[in-house]
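Colleague: Can you read through this structure? Questions will come right after.
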Amino acid sequence: MRLSSASALFALPLLVVADTPDYQAQFQEYLGQAQGYFEKVASNLPSPNKYDHAAATEASTGPSNIHTIALHNWKDTLYKPVTPGSVTPEEWWVLITGGNKTCFGHCGNVEAAFNETARKFATEPNTPYMALLNCDDQPVLCNAWSAPVGSLWIFEMLPGPSPISIFTKRLNLTTTTSEELLQLQESGYKAVAHEHDGLFHPFNGALAQNGLSTAAGYVLWAFGLLPSWAFMILVSLFSRRMMASRMEGQMHGGPRPAPTGQAAPRR
């Protein structure tokens, strides 16, 4: 499961502090320490990510010319065809797909249509670059982007540090055909796709801007391993801890909330 609400709760306090001028320097210091600690811990954990280098090379050099993106190479792959100083974006189509774990075995049809479209694009000029992101193999990256399986992500890549526009479109897992994807490219995708923005934008989002995307991806992946009852227990423990702290403050002379139906005293 993907817990977007949990990710927002995880990131919100950090982002508020990061946007406060008085705390920016201190935040950057803590962020550097946290990233170092996270990298140390992550290096000692078994990686949930899988990447078949030989198969990826074969796919990218074959007739379909489809790239396989992963946590370690996605940014380099998307920036590779971009010319420094260019003002015309390079267009990438990335299919978010999966296997039995994340797509319950229903992504085969849409992936076949995407592969067929890639073979046709490979023989024509001025067509998008094509890539696959498999959420079974790359759960951390999919969570870092909050990317649902069965969706098409269209990147308009410009040289860094220019903002990157991303458009997303959900595809029908059972009825999508190559002809529909070809028509989408011919008629233009902006009329039917949604421009992606917000917290999880891989380039422009607040998490990415503060170097927290990968950390958020790991946190969400870990939450996804928890059964729902375990997550509810954690929420309950957190709520009880907050209530206990509040009661302790009141017992030591802290301000008490106004009784129901009465206005709080004027200060």
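Each chain in the structure tokens gets a letter, A, B and so on, in the order shown; residues start at 1 in every chain, and ligands are counted from 1 in the order they appear.
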Can you write out as a tab-separated table which residues of segment 172-246 of chain A fall within 7 Å of segment 116-138 of chain A, alongside each residue's closest atom pair and its distance in Å to one decimal, counting only C-alpha atoms and ordering rows by chain and ascending residue number?

Modeller:
residue	atom	partner	partner_atom	distance
A:Ser178	CA	A:Thr117	CA	5.2
A:Leu181	CA	A:Thr117	CA	6.9
A:Leu182	CA	A:Thr117	CA	6.7

Colleague: Include all heavy atoms and write out the residues we just selected as a PDB file, in the first residue's frame.

Modeller:
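Done, and the output landed in out11.pdb:
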ATOM      1  N   SER A 178      -1.813   0.151 -28.606  1.00  0.00           N
ATOM      2  CA  SER A 178      -0.751   0.964 -29.194  1.00  0.00           C
ATOM      3  C   SER A 178      -1.324   2.093 -30.038  1.00  0.00           C
ATOM      4  O   SER A 178      -0.780   3.207 -30.062  1.00  0.00           O
ATOM      5  CB  SER A 178       0.169   0.083 -30.048  1.00  0.00           C
ATOM      6  OG  SER A 178       1.158   0.858 -30.700  1.00  0.00           O
ATOM      7  N   LEU A 181      -2.082   5.060 -27.915  1.00  0.00           N
ATOM      8  CA  LEU A 181      -0.884   5.791 -27.503  1.00  0.00           C
ATOM      9  C   LEU A 181      -0.306   6.594 -28.659  1.00  0.00           C
ATOM     10  O   LEU A 181       0.169   7.727 -28.469  1.00  0.00           O
ATOM     11  CB  LEU A 181       0.155   4.817 -26.952  1.00  0.00           C
ATOM     12  CG  LEU A 181      -0.255   4.072 -25.678  1.00  0.00           C
ATOM     13  CD1 LEU A 181       0.831   3.074 -25.272  1.00  0.00           C
ATOM     14  CD2 LEU A 181      -0.518   5.045 -24.541  1.00  0.00           C
ATOM     15  N   LEU A 182      -0.353   6.033 -29.860  1.00  0.00           N
ATOM     16  CA  LEU A 182       0.107   6.778 -31.037  1.00  0.00           C
ATOM     17  C   LEU A 182      -0.772   8.003 -31.277  1.00  0.00           C
ATOM     18  O   LEU A 182      -0.275   9.081 -31.612  1.00  0.00           O
ATOM     19  CB  LEU A 182       0.099   5.869 -32.264  1.00  0.00           C
ATOM     20  CG  LEU A 182       1.128   4.734 -32.280  1.00  0.00           C
ATOM     21  CD1 LEU A 182       0.857   3.791 -33.450  1.00  0.00           C
ATOM     22  CD2 LEU A 182       2.551   5.282 -32.348  1.00  0.00           C
TER      23      LEU A 182
END

Colleague: Any chance you could list, as a list in words, the residues in segment 36-108 of chain A that come up strand (DSSP E or B) when DSSP is run on the backbone?

Modeller: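 So the strand (DSSP E or B) residues in segment 36-108 of chain A would be Ile66, His67, Thr68, Glu90, Glu91, Trp92, Trp93, Val94, Leu95, Ile96 and Thr97 of chain A.
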
Colleague: Could you dump the residues just selected with C-alpha atoms as a short mmCIF file (atom, residue, chain, number, x, y, z; two decimals), in the first residue's frame?

Modeller:
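To be explicit, this is the file written out as part_22.cif:
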data_model
loop_
_atom_site.label_atom_id
_atom_site.label_comp_id
_atom_site.auth_asym_id
_atom_site.auth_seq_id
_atom_site.Cartn_x
_atom_site.Cartn_y
_atom_site.Cartn_z
CA ILE A 66 13.19 1.19 -24.09
CA HIS A 67 15.19 2.30 -21.08
CA THR A 68 14.74 0.77 -17.64
CA GLU A 90 13.34 16.55 -24.59
CA GLU A 91 10.19 14.47 -24.20
CA TRP A 92 10.23 11.24 -22.18
CA TRP A 93 7.34 8.80 -21.79
CA VAL A 94 7.71 6.67 -18.67
CA LEU A 95 5.23 3.87 -18.05
CA ILE A 96 4.72 3.09 -14.37
CA THR A 97 4.16 -0.66 -14.37
#

Colleague: Could you tell me how far atom CA of Pro139 of chain A sits from atom CA of Val219 of chain A, in Å to one decimal place?

Modeller: 11.0 Å

Colleague: From the list A:Ala147, A:Ser64, A:Met157, A:Cys142, which residue is nearest Pro81 of chain A when using only C-alpha atoms?

Modeller: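 Looking only at the distances to Pro81 of chain A, the closest residue turns out to be A:Met157.
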
Colleague: Please list as a PyMOL selection string every residue within 9 Å of Lys169 of chain A, counting only C-alpha atoms and excluding residues in the same chain fewer than 5 positions away.

Modeller: chain A and resi 150-154+189+192-194

Colleague: Deliver the residues from the most recent selection as a file, using all heavy atoms, as a JSON list (two decimals), in the first residue's frame.

Modeller:
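For reference, part.json as written:
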[["chain", "number", "residue", "atom", "x", "y", "z"],
["A", 150, "GLY", "N", 0.20, 1.64, -13.76],
["A", 150, "GLY", "CA", -0.78, 1.83, -14.81],
["A", 150, "GLY", "C", -0.92, 3.27, -15.24],
["A", 150, "GLY", "O", -1.92, 3.63, -15.88],
["A", 151, "SER", "N", 0.07, 4.10, -14.95],
["A", 151, "SER", "CA", 0.01, 5.50, -15.35],
["A", 151, "SER", "C", 1.17, 5.83, -16.27],
["A", 151, "SER", "O", 2.24, 5.23, -16.20],
["A", 151, "SER", "CB", 0.02, 6.43, -14.13],
["A", 151, "SER", "OG", 1.20, 6.25, -13.36],
["A", 152, "LEU", "N", 0.94, 6.79, -17.14],
["A", 152, "LEU", "CA", 1.96, 7.28, -18.06],
["A", 152, "LEU", "C", 2.43, 8.64, -17.57],
["A", 152, "LEU", "O", 1.62, 9.55, -17.38],
["A", 152, "LEU", "CB", 1.38, 7.40, -19.47],
["A", 152, "LEU", "CG", 2.33, 7.94, -20.55],
["A", 152, "LEU", "CD1", 3.49, 7.00, -20.79],
["A", 152, "LEU", "CD2", 1.55, 8.19, -21.86],
["A", 153, "TRP", "N", 3.74, 8.76, -17.35],
["A", 153, "TRP", "CA", 4.34, 10.02, -16.92],
["A", 153, "TRP", "C", 5.12, 10.58, -18.09],
["A", 153, "TRP", "O", 6.01, 9.92, -18.64],
["A", 153, "TRP", "CB", 5.26, 9.80, -15.72],
["A", 153, "TRP", "CG", 4.52, 9.59, -14.43],
["A", 153, "TRP", "CD1", 3.41, 8.83, -14.24],
["A", 153, "TRP", "CD2", 4.84, 10.15, -13.15],
["A", 153, "TRP", "NE1", 3.03, 8.87, -12.92],
["A", 153, "TRP", "CE2", 3.88, 9.67, -12.23],
["A", 153, "TRP", "CE3", 5.85, 10.98, -12.70],
["A", 153, "TRP", "CZ2", 3.90, 10.01, -10.89],
["A", 153, "TRP", "CZ3", 5.87, 11.33, -11.36],
["A", 153, "TRP", "CH2", 4.91, 10.85, -10.46],
["A", 154, "ILE", "N", 4.81, 11.81, -18.47],
["A", 154, "ILE", "CA", 5.48, 12.47, -19.60],
["A", 154, "ILE", "C", 6.33, 13.61, -19.05],
["A", 154, "ILE", "O", 5.80, 14.57, -18.49],
["A", 154, "ILE", "CB", 4.45, 12.98, -20.61],
["A", 154, "ILE", "CG1", 3.60, 11.80, -21.13],
["A", 154, "ILE", "CG2", 5.14, 13.68, -21.78],
["A", 154, "ILE", "CD1", 2.46, 12.22, -22.04],
["A", 189, "TYR", "N", -0.83, 15.51, -25.74],
["A", 189, "TYR", "CA", -1.23, 14.92, -24.47],
["A", 189, "TYR", "C", -1.73, 15.94, -23.45],
["A", 189, "TYR", "O", -2.39, 15.58, -22.48],
["A", 189, "TYR", "CB", -0.05, 14.15, -23.85],
["A", 189, "TYR", "CG", 1.22, 14.96, -23.75],
["A", 189, "TYR", "CD1", 1.45, 15.84, -22.70],
["A", 189, "TYR", "CD2", 2.21, 14.85, -24.73],
["A", 189, "TYR", "CE1", 2.61, 16.58, -22.62],
["A", 189, "TYR", "CE2", 3.37, 15.58, -24.66],
["A", 189, "TYR", "CZ", 3.58, 16.46, -23.60],
["A", 189, "TYR", "OH", 4.74, 17.20, -23.53],
["A", 192, "VAL", "N", -5.45, 16.02, -22.34],
["A", 192, "VAL", "CA", -6.07, 14.90, -21.60],
["A", 192, "VAL", "C", -5.25, 14.48, -20.39],
["A", 192, "VAL", "O", -5.75, 13.70, -19.56],
["A", 192, "VAL", "CB", -6.27, 13.70, -22.54],
["A", 192, "VAL", "CG1", -7.29, 14.03, -23.62],
["A", 192, "VAL", "CG2", -4.96, 13.26, -23.17],
["A", 193, "ALA", "N", -4.03, 14.96, -20.27],
["A", 193, "ALA", "CA", -3.19, 14.60, -19.12],
["A", 193, "ALA", "C", -3.23, 15.71, -18.08],
["A", 193, "ALA", "O", -3.61, 16.85, -18.38],
["A", 193, "ALA", "CB", -1.76, 14.35, -19.59],
["A", 194, "HIS", "N", -2.85, 15.37, -16.87],
["A", 194, "HIS", "CA", -2.83, 16.33, -15.76],
["A", 194, "HIS", "C", -1.39, 16.74, -15.46],
["A", 194, "HIS", "O", -0.51, 15.89, -15.36],
["A", 194, "HIS", "CB", -3.46, 15.72, -14.52],
["A", 194, "HIS", "CG", -4.89, 15.29, -14.69],
["A", 194, "HIS", "ND1", -5.94, 16.18, -14.70],
["A", 194, "HIS", "CD2", -5.43, 14.06, -14.89],
["A", 194, "HIS", "CE1", -7.07, 15.52, -14.89],
["A", 194, "HIS", "NE2", -6.79, 14.23, -15.00]]

Colleague: Could you tell me which of A:Ile233, A:Met243, A:Val149, A:Leu207 comes closest to Gly108 of chain A if we count only C-alpha atoms?

Modeller: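 Among the listed residues, the smallest separation from Gly108 of chain A belongs to A:Val149.
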
Colleague: If you run DSSP on the backbone, which residues of segment 98-200 of chain A are helix (DSSP H, G or I), as a PyMOL selection string?

Modeller: chain A and resi 108-121+139-145+178-187

Colleague: Interatomic distance between atom CA of Asn49 of chain A and atom CA of Ser162 of chain A?

Modeller: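 A separation of 29.0 Å between them.
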
Colleague: From the set A:Ser47, A:Thr174, A:Thr168, A:Ser236, which residue has the shortest atom-to-atom contact distance to His196 of chain A, counting only C-alpha atoms?

Modeller: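 Among the listed residues, the smallest separation from His196 of chain A belongs to A:Thr168.
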
Colleague: Grab the atom CA of Gly205 of chain A to atom CA of Leu158 of chain A distance for me, in Å with one decimal place.

Modeller: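 Atom CA of Leu158 of chain A lies at a distance of 16.1 Å from atom CA of Gly205 of chain A.
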
Colleague: For Glu180 of chain A, please output as an MDAnalysis selection string all residues within 12 Å (counting only C-alpha atoms; exclusion window: fewer than 4 positions along the same chain).

Modeller: chainID A and resid 110 113:114 116:117 171:172 175:176 184:189

Colleague: For the residues in the current selection, export C-alpha atoms as a PDB file, in the first residue's frame.

Modeller:
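Produced file again_38.pdb, reproduced below:
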ATOM      1  CA  VAL A 110      -0.745  -2.008 -21.108  1.00  0.00           C
ATOM      2  CA  ALA A 113       0.894  -1.786 -25.888  1.00  0.00           C
ATOM      3  CA  PHE A 114       3.653   0.486 -24.604  1.00  0.00           C
ATOM      4  CA  GLU A 116       4.658  -1.944 -29.381  1.00  0.00           C
ATOM      5  CA  THR A 117       4.410   1.839 -29.420  1.00  0.00           C
ATOM      6  CA  LEU A 171      -4.199   4.217 -18.622  1.00  0.00           C
ATOM      7  CA  ASN A 172      -6.861   1.534 -18.777  1.00  0.00           C
ATOM      8  CA  THR A 175      -8.223  -1.844 -23.076  1.00  0.00           C
ATOM      9  CA  THR A 176      -5.224   0.409 -23.833  1.00  0.00           C
ATOM     10  CA  LEU A 184      -2.110  10.526 -27.893  1.00  0.00           C
ATOM     11  CA  GLN A 185       1.291  11.544 -29.244  1.00  0.00           C
ATOM     12  CA  GLU A 186      -0.135  12.807 -32.521  1.00  0.00           C
ATOM     13  CA  SER A 187      -3.008  14.864 -31.106  1.00  0.00           C
ATOM     14  CA  GLY A 188      -1.130  16.122 -28.044  1.00  0.00           C
ATOM     15  CA  TYR A 189      -1.233  14.924 -24.466  1.00  0.00           C
TER      16      TYR A 189
END
